[in-house]
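Coordinates as given in final39.txt (compact mmCIF, C-alpha atoms):
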# COMPACT_ATOMS: atom_id res chain seq x y z
CA MET A 1 151.02 73.40 81.81
CA LYS A 2 153.87 70.97 81.14
CA VAL A 3 155.51 68.37 83.36
CA LEU A 4 158.25 65.82 82.77
CA PHE A 5 157.69 62.13 83.53
CA ILE A 6 161.02 60.44 84.17
CA THR A 7 160.74 56.75 83.34
CA SER A 8 162.39 54.19 81.10
CA ASN A 9 159.02 52.54 80.45
CA ARG A 10 157.11 53.64 77.32
CA GLY A 11 153.86 51.99 78.44
CA LYS A 12 153.81 53.97 81.67
CA PHE A 13 154.50 57.19 79.80
CA GLU A 14 151.65 56.58 77.30
CA GLU A 15 149.22 55.90 80.13
CA ALA A 16 150.24 59.07 81.98
CA ARG A 17 150.07 61.16 78.80
CA LYS A 18 146.46 60.15 78.18
CA ILE A 19 145.36 60.80 81.74
CA GLY A 20 147.22 64.12 81.77
CA GLU A 21 145.25 65.28 78.71
CA LYS A 22 142.03 65.10 80.69
CA TYR A 23 143.47 67.60 83.12
CA GLY A 24 144.96 69.87 80.47
CA VAL A 25 148.47 68.80 81.39
CA GLU A 26 151.10 68.09 78.77
CA VAL A 27 153.14 65.14 80.03
CA GLU A 28 156.55 65.05 78.39
CA TRP A 29 158.69 61.91 78.39
CA LYS A 30 162.16 62.08 79.82
CA ARG A 31 163.43 58.62 79.05
CA GLU A 32 165.93 57.90 81.75
CA GLU A 33 166.84 55.29 84.32
CA TYR A 34 167.60 56.63 87.75
CA GLU A 35 168.98 55.30 91.00
CA GLU A 36 166.49 53.95 93.48
CA TYR A 37 167.13 53.79 97.17
CA GLN A 38 166.19 50.92 99.44
CA GLY A 39 163.42 51.71 101.88
CA ASN A 40 160.50 50.40 103.85
CA SER A 41 157.76 51.91 101.74
CA LEU A 42 157.21 52.97 98.14
CA GLU A 43 156.71 56.54 99.36
CA GLU A 44 160.07 56.59 101.12
CA ILE A 45 161.85 55.16 98.08
CA ALA A 46 160.15 57.45 95.56
CA GLU A 47 160.70 60.52 97.71
CA LYS A 48 164.42 59.86 98.14
CA SER A 49 164.87 59.09 94.46
CA ALA A 50 163.04 62.30 93.49
CA MET A 51 165.15 64.28 95.95
CA VAL A 52 168.35 63.13 94.27
CA LEU A 53 166.94 63.74 90.78
CA SER A 54 165.77 67.23 91.74
CA LYS A 55 169.39 68.27 92.18
CA LYS A 56 170.08 67.67 88.49
CA ILE A 57 166.71 68.59 87.02
CA GLY A 58 165.60 72.16 87.53
CA GLU A 59 162.07 71.96 86.18
CA PRO A 60 158.95 70.17 87.51
CA PHE A 61 158.95 66.39 87.05
CA PHE A 62 157.44 63.24 88.48
CA ILE A 63 158.42 59.59 88.84
CA GLU A 64 156.28 56.56 89.60
CA ASP A 65 156.98 53.31 91.44
CA SER A 66 154.69 50.41 92.17
CA GLY A 67 154.58 47.06 93.93
CA LEU A 68 152.48 44.10 95.01
CA PHE A 69 151.79 43.79 98.74
CA ILE A 70 150.49 40.44 100.01
CA ASP A 71 148.89 40.44 103.45
CA ALA A 72 149.72 36.83 104.39
CA LEU A 73 153.40 37.44 103.49
CA ASN A 74 153.78 40.60 105.60
CA GLY A 75 153.66 42.80 102.56
CA PHE A 76 156.19 40.81 100.51
CA PRO A 77 157.30 41.42 97.74
CA GLY A 78 156.41 45.07 98.36
CA PRO A 79 159.06 47.65 97.45
CA TYR A 80 161.23 44.94 95.86
CA SER A 81 158.54 43.51 93.61
CA SER A 82 160.62 43.95 90.50
CA TYR A 83 163.66 42.09 91.87
CA VAL A 84 161.47 39.32 93.30
CA PHE A 85 159.70 38.93 89.97
CA LYS A 86 163.02 38.54 88.16
CA THR A 87 164.23 35.84 90.55
CA ILE A 88 161.38 33.67 91.88
CA GLY A 89 158.56 35.03 89.67
CA ASN A 90 154.86 34.23 89.85
CA GLU A 91 155.67 30.59 90.40
CA GLY A 92 157.55 31.48 93.59
CA ILE A 93 154.70 33.66 94.87
CA LEU A 94 152.15 30.88 94.23
CA LYS A 95 154.37 28.45 96.13
CA LEU A 96 154.66 30.81 99.10
CA MET A 97 150.87 31.15 99.11
CA GLU A 98 150.18 27.40 99.21
CA GLY A 99 147.97 26.59 102.16
CA LYS A 100 147.30 30.25 103.02
CA ASP A 101 143.64 31.02 103.67
CA ASN A 102 144.06 34.77 103.51
CA ARG A 103 144.95 35.56 99.89
CA GLU A 104 144.32 39.32 100.05
CA ALA A 105 146.77 41.54 98.23
CA ARG A 106 147.09 45.12 97.03
CA PHE A 107 148.80 46.65 94.06
CA ILE A 108 150.09 50.07 95.10
CA ALA A 109 151.51 52.83 92.92
CA VAL A 110 153.17 55.98 94.18
CA VAL A 111 153.88 59.15 92.21
CA ALA A 112 156.54 61.53 93.57
CA TYR A 113 156.26 65.04 92.14
CA PHE A 114 158.86 67.80 92.30
CA ASP A 115 157.26 71.20 91.70
CA GLY A 116 160.56 73.08 91.48
CA GLU A 117 160.78 73.53 95.24
CA LYS A 118 159.47 70.57 97.16
CA ILE A 119 158.41 66.94 96.69
CA SER A 120 154.90 65.55 97.24
CA THR A 121 153.72 61.96 96.88
CA PHE A 122 150.39 60.54 95.67
CA ARG A 123 149.16 56.99 96.11
CA GLY A 124 146.85 54.71 94.19
CA GLU A 125 145.76 51.33 95.43
CA VAL A 126 143.70 48.42 94.15
CA LYS A 127 142.60 45.52 96.32
CA GLY A 128 142.44 41.98 95.03
CA GLU A 129 143.46 38.41 95.78
CA ILE A 130 146.26 36.13 94.75
CA SER A 131 144.85 33.49 92.41
CA LYS A 132 145.63 29.80 92.80
CA GLU A 133 147.20 29.56 89.35
CA MET A 134 148.39 31.90 86.61
CA ARG A 135 145.68 33.04 84.20
CA GLY A 136 145.55 35.39 81.21
CA MET A 137 147.90 36.64 78.54
CA HIS A 138 147.77 40.45 78.86
CA GLY A 139 149.74 42.80 81.04
CA PHE A 140 153.05 41.99 82.65
CA GLY A 141 154.67 41.10 85.97
CA TYR A 142 152.26 39.86 88.60
CA ASP A 143 149.15 40.53 86.48
CA PRO A 144 148.48 36.79 85.84
CA ILE A 145 148.12 36.06 89.57
CA PHE A 146 146.27 39.21 90.69
CA LEU A 147 142.53 38.54 90.88
CA TYR A 148 140.18 41.50 90.67
CA ASP A 149 136.45 40.92 90.58
CA GLY A 150 136.78 37.33 89.34
CA LYS A 151 139.37 37.94 86.64
CA THR A 152 143.12 38.31 86.83
CA PHE A 153 144.63 41.59 85.61
CA ALA A 154 146.19 39.53 82.80
CA GLU A 155 142.71 38.40 81.70
CA MET A 156 141.30 41.93 81.75
CA GLY A 157 143.30 43.56 78.96
CA ASP A 158 142.54 47.30 78.63
CA GLU A 159 139.84 47.06 81.29
CA LYS A 160 142.67 46.88 83.79
CA ASN A 161 143.75 50.44 83.03
CA LYS A 162 140.39 51.75 84.20
CA VAL A 163 140.82 50.40 87.72
CA SER A 164 144.58 50.12 88.12
CA HIS A 165 146.64 51.40 91.02
CA ARG A 166 148.75 53.40 88.56
CA ARG A 167 145.73 55.15 87.11
CA LYS A 168 144.49 56.01 90.59
CA ALA A 169 147.85 57.43 91.64
CA LEU A 170 148.07 59.50 88.45
CA GLU A 171 144.49 60.80 88.76
CA ASN A 172 145.13 61.62 92.36
CA PHE A 173 148.27 63.51 91.37
CA PHE A 174 146.84 65.40 88.41
CA SER A 175 143.60 66.33 90.16
CA SER A 176 145.39 67.60 93.28
CA ILE A 177 148.00 69.64 91.47
CA PHE A 178 146.59 70.81 88.16
CA ASN A 179 142.84 70.94 88.61
CA GLN A 180 142.53 74.12 90.60
CA MET B 1 196.60 53.11 111.48
CA LYS B 2 192.97 53.89 112.22
CA VAL B 3 189.84 53.36 110.16
CA LEU B 4 186.14 53.97 110.81
CA PHE B 5 183.59 51.18 110.42
CA ILE B 6 180.17 52.67 109.76
CA THR B 7 177.49 50.25 110.93
CA SER B 8 174.54 50.16 113.28
CA ASN B 9 175.39 46.56 114.25
CA ARG B 10 177.53 46.04 117.36
CA GLY B 11 178.27 42.38 116.55
CA LYS B 12 179.72 43.27 113.17
CA PHE B 13 181.86 45.98 114.71
CA GLU B 14 183.26 43.63 117.39
CA GLU B 15 184.14 41.04 114.78
CA ALA B 16 185.90 43.62 112.60
CA ARG B 17 187.76 45.09 115.56
CA LYS B 18 189.27 41.71 116.47
CA ILE B 19 190.32 40.91 112.94
CA GLY B 20 191.76 44.41 112.53
CA GLU B 21 194.00 43.89 115.57
CA LYS B 22 195.80 41.08 113.77
CA TYR B 23 196.75 43.53 111.06
CA GLY B 24 197.70 46.35 113.42
CA VAL B 25 194.61 48.33 112.44
CA GLU B 26 192.52 50.17 114.96
CA VAL B 27 188.90 49.82 113.87
CA GLU B 28 186.76 52.57 115.33
CA TRP B 29 182.99 52.31 115.51
CA LYS B 30 180.88 54.99 113.88
CA ARG B 31 177.41 53.90 114.88
CA GLU B 32 175.21 55.15 112.15
CA GLU B 33 172.52 54.02 109.77
CA TYR B 34 172.95 55.11 106.20
CA GLU B 35 170.92 55.06 103.03
CA GLU B 36 171.34 52.03 100.80
CA TYR B 37 170.66 52.10 97.10
CA GLN B 38 168.91 49.37 95.17
CA GLY B 39 171.17 47.48 92.81
CA ASN B 40 171.89 44.20 91.10
CA SER B 41 174.87 43.19 93.20
CA LEU B 42 176.18 43.76 96.71
CA GLU B 43 179.23 45.48 95.19
CA GLU B 44 177.10 47.95 93.27
CA ILE B 45 175.00 48.74 96.35
CA ALA B 46 177.96 49.06 98.74
CA GLU B 47 179.91 51.20 96.29
CA LYS B 48 177.05 53.64 95.74
CA SER B 49 176.32 53.87 99.46
CA ALA B 50 180.01 54.52 100.22
CA MET B 51 180.14 57.15 97.49
CA VAL B 52 177.31 59.10 99.11
CA LEU B 53 178.80 58.71 102.61
CA SER B 54 182.22 59.86 101.40
CA LYS B 55 180.75 63.28 100.67
CA LYS B 56 179.99 63.80 104.36
CA ILE B 57 182.87 61.90 105.93
CA GLY B 58 186.32 63.19 105.16
CA GLU B 59 188.41 60.43 106.71
CA PRO B 60 188.92 56.77 105.69
CA PHE B 61 186.00 54.47 106.47
CA PHE B 62 184.42 51.20 105.39
CA ILE B 63 180.96 49.69 105.31
CA GLU B 64 179.89 46.06 104.94
CA ASP B 65 176.86 44.42 103.35
CA SER B 66 176.00 40.76 102.99
CA GLY B 67 173.39 38.43 101.54
CA LEU B 68 172.36 34.86 100.85
CA PHE B 69 172.39 33.79 97.20
CA ILE B 70 170.54 30.57 96.30
CA ASP B 71 171.40 29.00 92.94
CA ALA B 72 168.03 27.34 92.30
CA LEU B 73 166.25 30.66 92.96
CA ASN B 74 168.36 32.73 90.55
CA GLY B 75 170.30 34.28 93.39
CA PHE B 76 167.25 35.19 95.50
CA PRO B 77 167.13 36.69 98.15
CA GLY B 78 170.54 38.21 97.24
CA PRO B 79 170.92 41.96 97.79
CA TYR B 80 167.51 42.12 99.51
CA SER B 81 168.17 39.34 102.03
CA SER B 82 167.35 41.50 104.98
CA TYR B 83 163.93 42.60 103.65
CA VAL B 84 163.09 39.05 102.58
CA PHE B 85 164.03 37.74 106.01
CA LYS B 86 161.73 40.26 107.69
CA THR B 87 158.77 39.30 105.51
CA ILE B 88 158.80 35.62 104.51
CA GLY B 89 161.72 34.46 106.71
CA ASN B 90 163.39 31.06 106.77
CA GLU B 91 160.02 29.38 106.50
CA GLY B 92 159.43 31.11 103.17
CA ILE B 93 162.84 30.13 101.82
CA LEU B 94 162.30 26.47 102.83
CA LYS B 95 158.94 26.52 101.06
CA LEU B 96 160.46 27.95 97.88
CA MET B 97 163.10 25.19 98.01
CA GLU B 98 160.59 22.32 98.26
CA GLY B 99 161.25 19.82 95.49
CA LYS B 100 164.48 21.51 94.35
CA ASP B 101 167.34 19.07 93.79
CA ASN B 102 170.00 21.73 93.61
CA ARG B 103 170.22 23.23 97.11
CA GLU B 104 173.52 25.06 96.63
CA ALA B 105 173.81 28.52 98.13
CA ARG B 106 176.42 31.11 98.99
CA PHE B 107 176.69 33.65 101.74
CA ILE B 108 178.49 36.69 100.33
CA ALA B 109 179.85 39.71 102.18
CA VAL B 110 181.23 42.85 100.57
CA VAL B 111 183.33 45.55 102.21
CA ALA B 112 183.46 48.96 100.53
CA TYR B 113 186.43 51.06 101.65
CA PHE B 114 186.94 54.79 101.12
CA ASP B 115 190.62 55.70 101.50
CA GLY B 116 190.06 59.46 101.40
CA GLU B 117 190.13 59.56 97.61
CA LYS B 118 188.56 56.50 96.02
CA ILE B 119 186.40 53.48 96.86
CA SER B 120 187.50 49.83 96.62
CA THR B 121 185.43 46.72 97.33
CA PHE B 122 186.44 43.37 98.83
CA ARG B 123 184.42 40.18 98.76
CA GLY B 124 184.17 37.13 100.98
CA GLU B 125 182.16 34.07 100.10
CA VAL B 126 181.24 30.77 101.73
CA LYS B 127 179.57 27.93 99.87
CA GLY B 128 176.97 25.71 101.48
CA GLU B 129 173.53 24.23 101.00
CA ILE B 130 170.03 25.08 102.11
CA SER B 131 168.96 22.56 104.74
CA LYS B 132 165.57 20.84 104.64
CA GLU B 133 164.55 22.25 108.01
CA MET B 134 165.73 24.87 110.50
CA ARG B 135 168.41 23.69 112.91
CA GLY B 136 170.46 25.34 115.67
CA MET B 137 170.07 28.19 118.12
CA HIS B 138 173.10 30.41 117.49
CA GLY B 139 173.62 33.21 115.01
CA PHE B 140 170.86 35.14 113.32
CA GLY B 141 169.02 35.54 110.02
CA TYR B 142 169.44 32.65 107.63
CA ASP B 143 172.00 30.83 109.82
CA PRO B 144 169.52 28.04 110.81
CA ILE B 145 169.03 26.96 107.19
CA PHE B 146 172.59 27.39 105.87
CA LEU B 147 174.40 24.03 105.93
CA TYR B 148 178.18 24.08 105.98
CA ASP B 149 180.08 20.82 106.31
CA GLY B 150 177.14 18.94 107.83
CA LYS B 151 176.08 21.59 110.33
CA THR B 152 174.02 24.71 109.94
CA PHE B 153 175.66 28.04 110.80
CA ALA B 154 173.21 28.24 113.70
CA GLU B 155 174.55 24.93 115.07
CA MET B 156 178.19 26.02 114.78
CA GLY B 157 178.32 28.87 117.30
CA ASP B 158 181.70 30.61 117.34
CA GLU B 159 183.11 28.12 114.84
CA LYS B 160 181.09 29.97 112.24
CA ASN B 161 183.21 33.09 112.63
CA LYS B 162 186.29 31.19 111.48
CA VAL B 163 184.84 30.36 108.10
CA SER B 164 182.26 33.06 107.55
CA HIS B 165 181.85 35.20 104.44
CA ARG B 166 182.17 38.31 106.61
CA ARG B 167 185.48 37.18 108.04
CA LYS B 168 186.81 36.42 104.59
CA ALA B 169 185.76 39.83 103.24
CA LEU B 170 187.36 41.58 106.23
CA GLU B 171 190.59 39.56 105.99
CA ASN B 172 190.70 40.24 102.29
CA PHE B 173 190.25 43.97 102.95
CA PHE B 174 192.74 44.29 105.81
CA SER B 175 195.42 42.18 104.15
CA SER B 176 195.17 44.07 100.86
CA ILE B 177 195.22 47.53 102.34
CA PHE B 178 197.11 47.47 105.60
CA ASN B 179 199.57 44.59 105.34
CA GLN B 180 202.14 46.19 103.12
Let me see the file written as structure tokens.
Amino acid sequence: MKVLFITSNRGKFEEARKIGEKYGVEVEWKREEYEEYQGNSLEEIAEKSAMVLSKKIGEPFFIEDSGLFIDALNGFPGPYSSYVFKTIGNEGILKLMEGKDNREARFIAVVAYFDGEKISTFRGEVKGEISKEMRGMHGFGYDPIFLYDGKTFAEMGDEKNKVSHRRKALENFFSSIFNQ
Amino acid sequence: MKVLFITSNRGKFEEARKIGEKYGVEVEWKREEYEEYQGNSLEEIAEKSAMVLSKKIGEPFFIEDSGLFIDALNGFPGPYSSYVFKTIGNEGILKLMEGKDNREARFIAVVAYFDGEKISTFRGEVKGEISKEMRGMHGFGYDPIFLYDGKTFAEMGDEKNKVSHRRKALENFFSSIFNQ
């Protein structure tokens, strides 16, 4: 069984390839940027983007999108995590969190899969807290401010990939579709 | 001359209708929500959205999109102003601006016009500063924190519509296309 993963990110592809192997799925990299819609949830955005892609790509493929959702900020930066990171960054998030007692946050990843006919989505989620300062040198994006079990994702290194939202979404996807 | 304005916002339609009259253009309201793409600039987003709409709508139409761009925050909240307002609001922006010496900001509006064949965009811009606290009861969105000539947009009431980014974009559009 073979499936295309459309992404411009090599790290994401490598992670998916390894997880796919466990399920006997050959994940092939289609290195491509695609248009993303605006939307209220990652599912909505991924589903619309996959819909548009499905019109050009005849064979089965999947895409993945993820974001950081902070409870005390009404889910901000959510679906626009990447834009927010590029503009105000971790420093901006820490500033917005000053004086907030509730520091709960979730990293969410969504996979949208086109099987040749229809689109399905799969979610992975990891709960944590926003730290009070940046810590750790690994990872990327919001990893230095996302506390999980006492360490930030940026302090965890490869350990992160065992518990990450992306891994959960991919496992959820592979096990639902290919493990039958 | 008649042209459709596709928007779900009655206030925007009324404003465009009045400005259109000055140019002998009958602006007709097509009350509809449409999909917006993600993108790095308002122009890019409006152009893509108009492109998709043009496939369903045969006759000339325009859409409008606007945002607040703050220099000290690398243009944040920019193209995602509406999402940012719904989550962290003016309070969040004021917090991010604490301790910033440079408080310069711009409101930008972009009109994308489909003439039946191709799409053109028109921009309107107004420069101001982010105030240190919210002031004024008029307007909506970021108006209470956008200082223009000593007053916030929310303190200006109808005066705002004489200098606004939206007015400038609409005047720019109507005068380029219909005043020939």
Could the residues of chain B within 12 Å of chain A, counting only C-alpha atoms, be given as a short mmCIF file (atom, residue, chain, number, x, y, z; two decimals) with C-alpha atoms, in the coordinates of the input, please?
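This went into part_31.cif:
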data_model
loop_
_atom_site.label_atom_id
_atom_site.label_comp_id
_atom_site.auth_asym_id
_atom_site.auth_seq_id
_atom_site.Cartn_x
_atom_site.Cartn_y
_atom_site.Cartn_z
CA TYR B 34 172.95 55.11 106.20
CA GLU B 35 170.92 55.06 103.03
CA GLU B 36 171.34 52.03 100.80
CA TYR B 37 170.66 52.10 97.10
CA GLN B 38 168.91 49.37 95.17
CA GLY B 39 171.17 47.48 92.81
CA ASN B 40 171.89 44.20 91.10
CA SER B 41 174.87 43.19 93.20
CA GLU B 44 177.10 47.95 93.27
CA ILE B 45 175.00 48.74 96.35
CA ALA B 46 177.96 49.06 98.74
CA LYS B 48 177.05 53.64 95.74
CA SER B 49 176.32 53.87 99.46
CA VAL B 52 177.31 59.10 99.11
CA PHE B 69 172.39 33.79 97.20
CA ILE B 70 170.54 30.57 96.30
CA ASP B 71 171.40 29.00 92.94
CA ALA B 72 168.03 27.34 92.30
CA LEU B 73 166.25 30.66 92.96
CA ASN B 74 168.36 32.73 90.55
CA GLY B 75 170.30 34.28 93.39
CA PHE B 76 167.25 35.19 95.50
CA PRO B 77 167.13 36.69 98.15
CA GLY B 78 170.54 38.21 97.24
CA PRO B 79 170.92 41.96 97.79
CA TYR B 80 167.51 42.12 99.51
CA SER B 81 168.17 39.34 102.03
CA SER B 82 167.35 41.50 104.98
CA TYR B 83 163.93 42.60 103.65
CA VAL B 84 163.09 39.05 102.58
CA PHE B 85 164.03 37.74 106.01
CA LYS B 86 161.73 40.26 107.69
CA THR B 87 158.77 39.30 105.51
CA ILE B 88 158.80 35.62 104.51
CA GLY B 89 161.72 34.46 106.71
CA ASN B 90 163.39 31.06 106.77
CA GLU B 91 160.02 29.38 106.50
CA GLY B 92 159.43 31.11 103.17
CA ILE B 93 162.84 30.13 101.82
CA LEU B 94 162.30 26.47 102.83
CA LYS B 95 158.94 26.52 101.06
CA LEU B 96 160.46 27.95 97.88
CA MET B 97 163.10 25.19 98.01
CA GLU B 98 160.59 22.32 98.26
CA GLY B 99 161.25 19.82 95.49
#
Would you pick out the contacts of Lys160 in chain B at 12 Å or less, using all atoms listed in the file, so that residues sharing its chain but fewer than 2 positions from it are not included, and give the list as a ChimeraX atom specification?
/B:15,107,126,138-140,143-144,146-149,151-158,162-168
Since chain B and chain A share a sequence, can you fit the second onto the first over all C-alpha atoms in order and output it as a compact mmCIF listing (two decimals) with C-alpha atoms, keeping the file's coordinate frame?
# COMPACT_ATOMS: atom_id res chain seq x y z
CA MET A 1 196.62 53.13 111.46
CA LYS A 2 192.97 53.90 112.20
CA VAL A 3 189.83 53.36 110.14
CA LEU A 4 186.15 53.97 110.82
CA PHE A 5 183.59 51.17 110.42
CA ILE A 6 180.17 52.66 109.77
CA THR A 7 177.50 50.23 110.94
CA SER A 8 174.56 50.13 113.31
CA ASN A 9 175.41 46.55 114.27
CA ARG A 10 177.58 46.03 117.38
CA GLY A 11 178.28 42.37 116.57
CA LYS A 12 179.73 43.26 113.18
CA PHE A 13 181.88 45.97 114.72
CA GLU A 14 183.29 43.60 117.40
CA GLU A 15 184.17 41.03 114.76
CA ALA A 16 185.93 43.61 112.59
CA ARG A 17 187.79 45.07 115.58
CA LYS A 18 189.28 41.69 116.46
CA ILE A 19 190.34 40.91 112.92
CA GLY A 20 191.76 44.41 112.50
CA GLU A 21 194.02 43.88 115.54
CA LYS A 22 195.81 41.08 113.74
CA TYR A 23 196.77 43.53 111.03
CA GLY A 24 197.71 46.34 113.40
CA VAL A 25 194.64 48.33 112.40
CA GLU A 26 192.55 50.18 114.95
CA VAL A 27 188.92 49.82 113.85
CA GLU A 28 186.78 52.57 115.33
CA TRP A 29 183.00 52.29 115.50
CA LYS A 30 180.91 54.97 113.90
CA ARG A 31 177.44 53.88 114.91
CA GLU A 32 175.21 55.13 112.16
CA GLU A 33 172.51 53.98 109.79
CA TYR A 34 172.95 55.08 106.23
CA GLU A 35 170.92 55.03 103.04
CA GLU A 36 171.33 52.02 100.82
CA TYR A 37 170.66 52.08 97.13
CA GLN A 38 168.92 49.35 95.17
CA GLY A 39 171.18 47.46 92.81
CA ASN A 40 171.91 44.19 91.11
CA SER A 41 174.88 43.19 93.20
CA LEU A 42 176.19 43.75 96.72
CA GLU A 43 179.24 45.46 95.21
CA GLU A 44 177.10 47.95 93.29
CA ILE A 45 175.00 48.73 96.36
CA ALA A 46 177.94 49.06 98.75
CA GLU A 47 179.91 51.19 96.31
CA LYS A 48 177.05 53.64 95.76
CA SER A 49 176.31 53.86 99.47
CA ALA A 50 179.99 54.51 100.23
CA MET A 51 180.12 57.16 97.51
CA VAL A 52 177.29 59.09 99.13
CA LEU A 53 178.78 58.70 102.61
CA SER A 54 182.20 59.86 101.41
CA LYS A 55 180.73 63.28 100.70
CA LYS A 56 179.97 63.79 104.39
CA ILE A 57 182.85 61.88 105.94
CA GLY A 58 186.31 63.18 105.17
CA GLU A 59 188.41 60.43 106.70
CA PRO A 60 188.92 56.77 105.69
CA PHE A 61 185.99 54.47 106.48
CA PHE A 62 184.42 51.20 105.41
CA ILE A 63 180.95 49.67 105.33
CA GLU A 64 179.90 46.05 104.94
CA ASP A 65 176.86 44.41 103.36
CA SER A 66 176.00 40.76 103.01
CA GLY A 67 173.39 38.43 101.56
CA LEU A 68 172.35 34.86 100.85
CA PHE A 69 172.40 33.78 97.20
CA ILE A 70 170.55 30.57 96.29
CA ASP A 71 171.42 29.01 92.95
CA ALA A 72 168.05 27.33 92.29
CA LEU A 73 166.26 30.65 92.96
CA ASN A 74 168.40 32.71 90.56
CA GLY A 75 170.31 34.27 93.39
CA PHE A 76 167.26 35.20 95.49
CA PRO A 77 167.15 36.70 98.13
CA GLY A 78 170.52 38.21 97.24
CA PRO A 79 170.91 41.96 97.79
CA TYR A 80 167.50 42.12 99.50
CA SER A 81 168.16 39.34 102.00
CA SER A 82 167.32 41.53 104.95
CA TYR A 83 163.92 42.61 103.61
CA VAL A 84 163.07 39.06 102.54
CA PHE A 85 164.01 37.75 105.97
CA LYS A 86 161.70 40.26 107.64
CA THR A 87 158.74 39.30 105.45
CA ILE A 88 158.78 35.61 104.45
CA GLY A 89 161.69 34.47 106.67
CA ASN A 90 163.37 31.07 106.74
CA GLU A 91 160.01 29.39 106.48
CA GLY A 92 159.40 31.11 103.13
CA ILE A 93 162.83 30.13 101.80
CA LEU A 94 162.29 26.48 102.81
CA LYS A 95 158.93 26.52 101.03
CA LEU A 96 160.47 27.93 97.85
CA MET A 97 163.11 25.19 97.99
CA GLU A 98 160.61 22.32 98.26
CA GLY A 99 161.25 19.82 95.50
CA LYS A 100 164.49 21.49 94.36
CA ASP A 101 167.35 19.05 93.82
CA ASN A 102 170.02 21.72 93.63
CA ARG A 103 170.22 23.24 97.11
CA GLU A 104 173.54 25.07 96.65
CA ALA A 105 173.80 28.52 98.15
CA ARG A 106 176.44 31.11 99.01
CA PHE A 107 176.68 33.66 101.75
CA ILE A 108 178.50 36.69 100.35
CA ALA A 109 179.85 39.71 102.20
CA VAL A 110 181.21 42.84 100.59
CA VAL A 111 183.32 45.55 102.23
CA ALA A 112 183.46 48.97 100.54
CA TYR A 113 186.42 51.06 101.66
CA PHE A 114 186.94 54.78 101.13
CA ASP A 115 190.62 55.70 101.51
CA GLY A 116 190.03 59.46 101.40
CA GLU A 117 190.09 59.56 97.61
CA LYS A 118 188.53 56.52 96.02
CA ILE A 119 186.38 53.49 96.86
CA SER A 120 187.47 49.84 96.61
CA THR A 121 185.43 46.73 97.34
CA PHE A 122 186.45 43.37 98.84
CA ARG A 123 184.43 40.17 98.77
CA GLY A 124 184.18 37.13 101.00
CA GLU A 125 182.17 34.07 100.12
CA VAL A 126 181.24 30.78 101.75
CA LYS A 127 179.59 27.92 99.90
CA GLY A 128 176.98 25.72 101.50
CA GLU A 129 173.53 24.23 101.02
CA ILE A 130 170.04 25.10 102.11
CA SER A 131 168.96 22.58 104.74
CA LYS A 132 165.58 20.86 104.65
CA GLU A 133 164.54 22.26 108.02
CA MET A 134 165.73 24.89 110.48
CA ARG A 135 168.41 23.71 112.91
CA GLY A 136 170.44 25.35 115.69
CA MET A 137 170.04 28.20 118.12
CA HIS A 138 173.08 30.43 117.47
CA GLY A 139 173.60 33.22 114.99
CA PHE A 140 170.83 35.15 113.30
CA GLY A 141 169.00 35.55 110.00
CA TYR A 142 169.44 32.66 107.61
CA ASP A 143 171.99 30.85 109.81
CA PRO A 144 169.51 28.06 110.81
CA ILE A 145 169.03 26.98 107.18
CA PHE A 146 172.59 27.39 105.88
CA LEU A 147 174.40 24.05 105.93
CA TYR A 148 178.19 24.07 105.99
CA ASP A 149 180.07 20.81 106.31
CA GLY A 150 177.12 18.96 107.85
CA LYS A 151 176.08 21.61 110.36
CA THR A 152 174.01 24.74 109.95
CA PHE A 153 175.67 28.06 110.80
CA ALA A 154 173.20 28.26 113.71
CA GLU A 155 174.54 24.96 115.07
CA MET A 156 178.17 26.04 114.77
CA GLY A 157 178.30 28.87 117.31
CA ASP A 158 181.70 30.63 117.34
CA GLU A 159 183.10 28.13 114.85
CA LYS A 160 181.09 29.99 112.24
CA ASN A 161 183.22 33.11 112.63
CA LYS A 162 186.30 31.20 111.51
CA VAL A 163 184.84 30.36 108.11
CA SER A 164 182.25 33.08 107.55
CA HIS A 165 181.85 35.21 104.45
CA ARG A 166 182.19 38.32 106.62
CA ARG A 167 185.49 37.19 108.06
CA LYS A 168 186.80 36.44 104.58
CA ALA A 169 185.77 39.83 103.24
CA LEU A 170 187.37 41.59 106.22
CA GLU A 171 190.61 39.58 105.97
CA ASN A 172 190.71 40.25 102.29
CA PHE A 173 190.26 43.96 102.95
CA PHE A 174 192.74 44.29 105.80
CA SER A 175 195.42 42.18 104.13
CA SER A 176 195.17 44.07 100.83
CA ILE A 177 195.20 47.54 102.32
CA PHE A 178 197.12 47.48 105.58
CA ASN A 179 199.55 44.59 105.31
CA GLN A 180 202.14 46.14 103.06
Pairwise distance for CA of Glu32 in chain B and CA of Glu47 in chain A, rounded to one decimal in Å
21.2 Å
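Note that the spacing between CA of Glu159 in chain A and CA of Phe174 in chain A amounts to 20.9 Å.
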Would you list the residues near (198.6, 47.8, 113.2) (no more than 9 Å away, in the coordinates of the file, using all atoms listed in the file) as a ChimeraX atom specification?
/B:1-2,20-26,178-179
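Each of B:Glu28, B:Glu14, B:Glu129, B:Asp115 was compared to Asp101 in chain B using all atoms listed in the file, and B:Glu129 turns out to be the nearest.
If you look at CA of Phe5 in chain A and CA of Gly141 in chain A, they are 21.4 Å away from each other.
Of the residues under consideration (A:Arg106, A:Arg135, A:Lys55, A:Lys100), A:Arg106 shows the shortest atom-to-atom contact distance to Gly67 in chain A when counting only C-alpha atoms.
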Neighbours of point (177.3, 50.2, 116.9) within 7 Å, using only C-alpha atoms, written as a compact mmCIF listing (two decimals) with C-alpha atoms, keeping the file's coordinate frame:
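The result, stored in selection-v9.txt:
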# COMPACT_ATOMS: atom_id res chain seq x y z
CA THR B 7 177.49 50.25 110.93
CA SER B 8 174.54 50.16 113.28
CA ASN B 9 175.39 46.56 114.25
CA ARG B 10 177.53 46.04 117.36
CA PHE B 13 181.86 45.98 114.71
CA TRP B 29 182.99 52.31 115.51
CA LYS B 30 180.88 54.99 113.88
CA ARG B 31 177.41 53.90 114.88
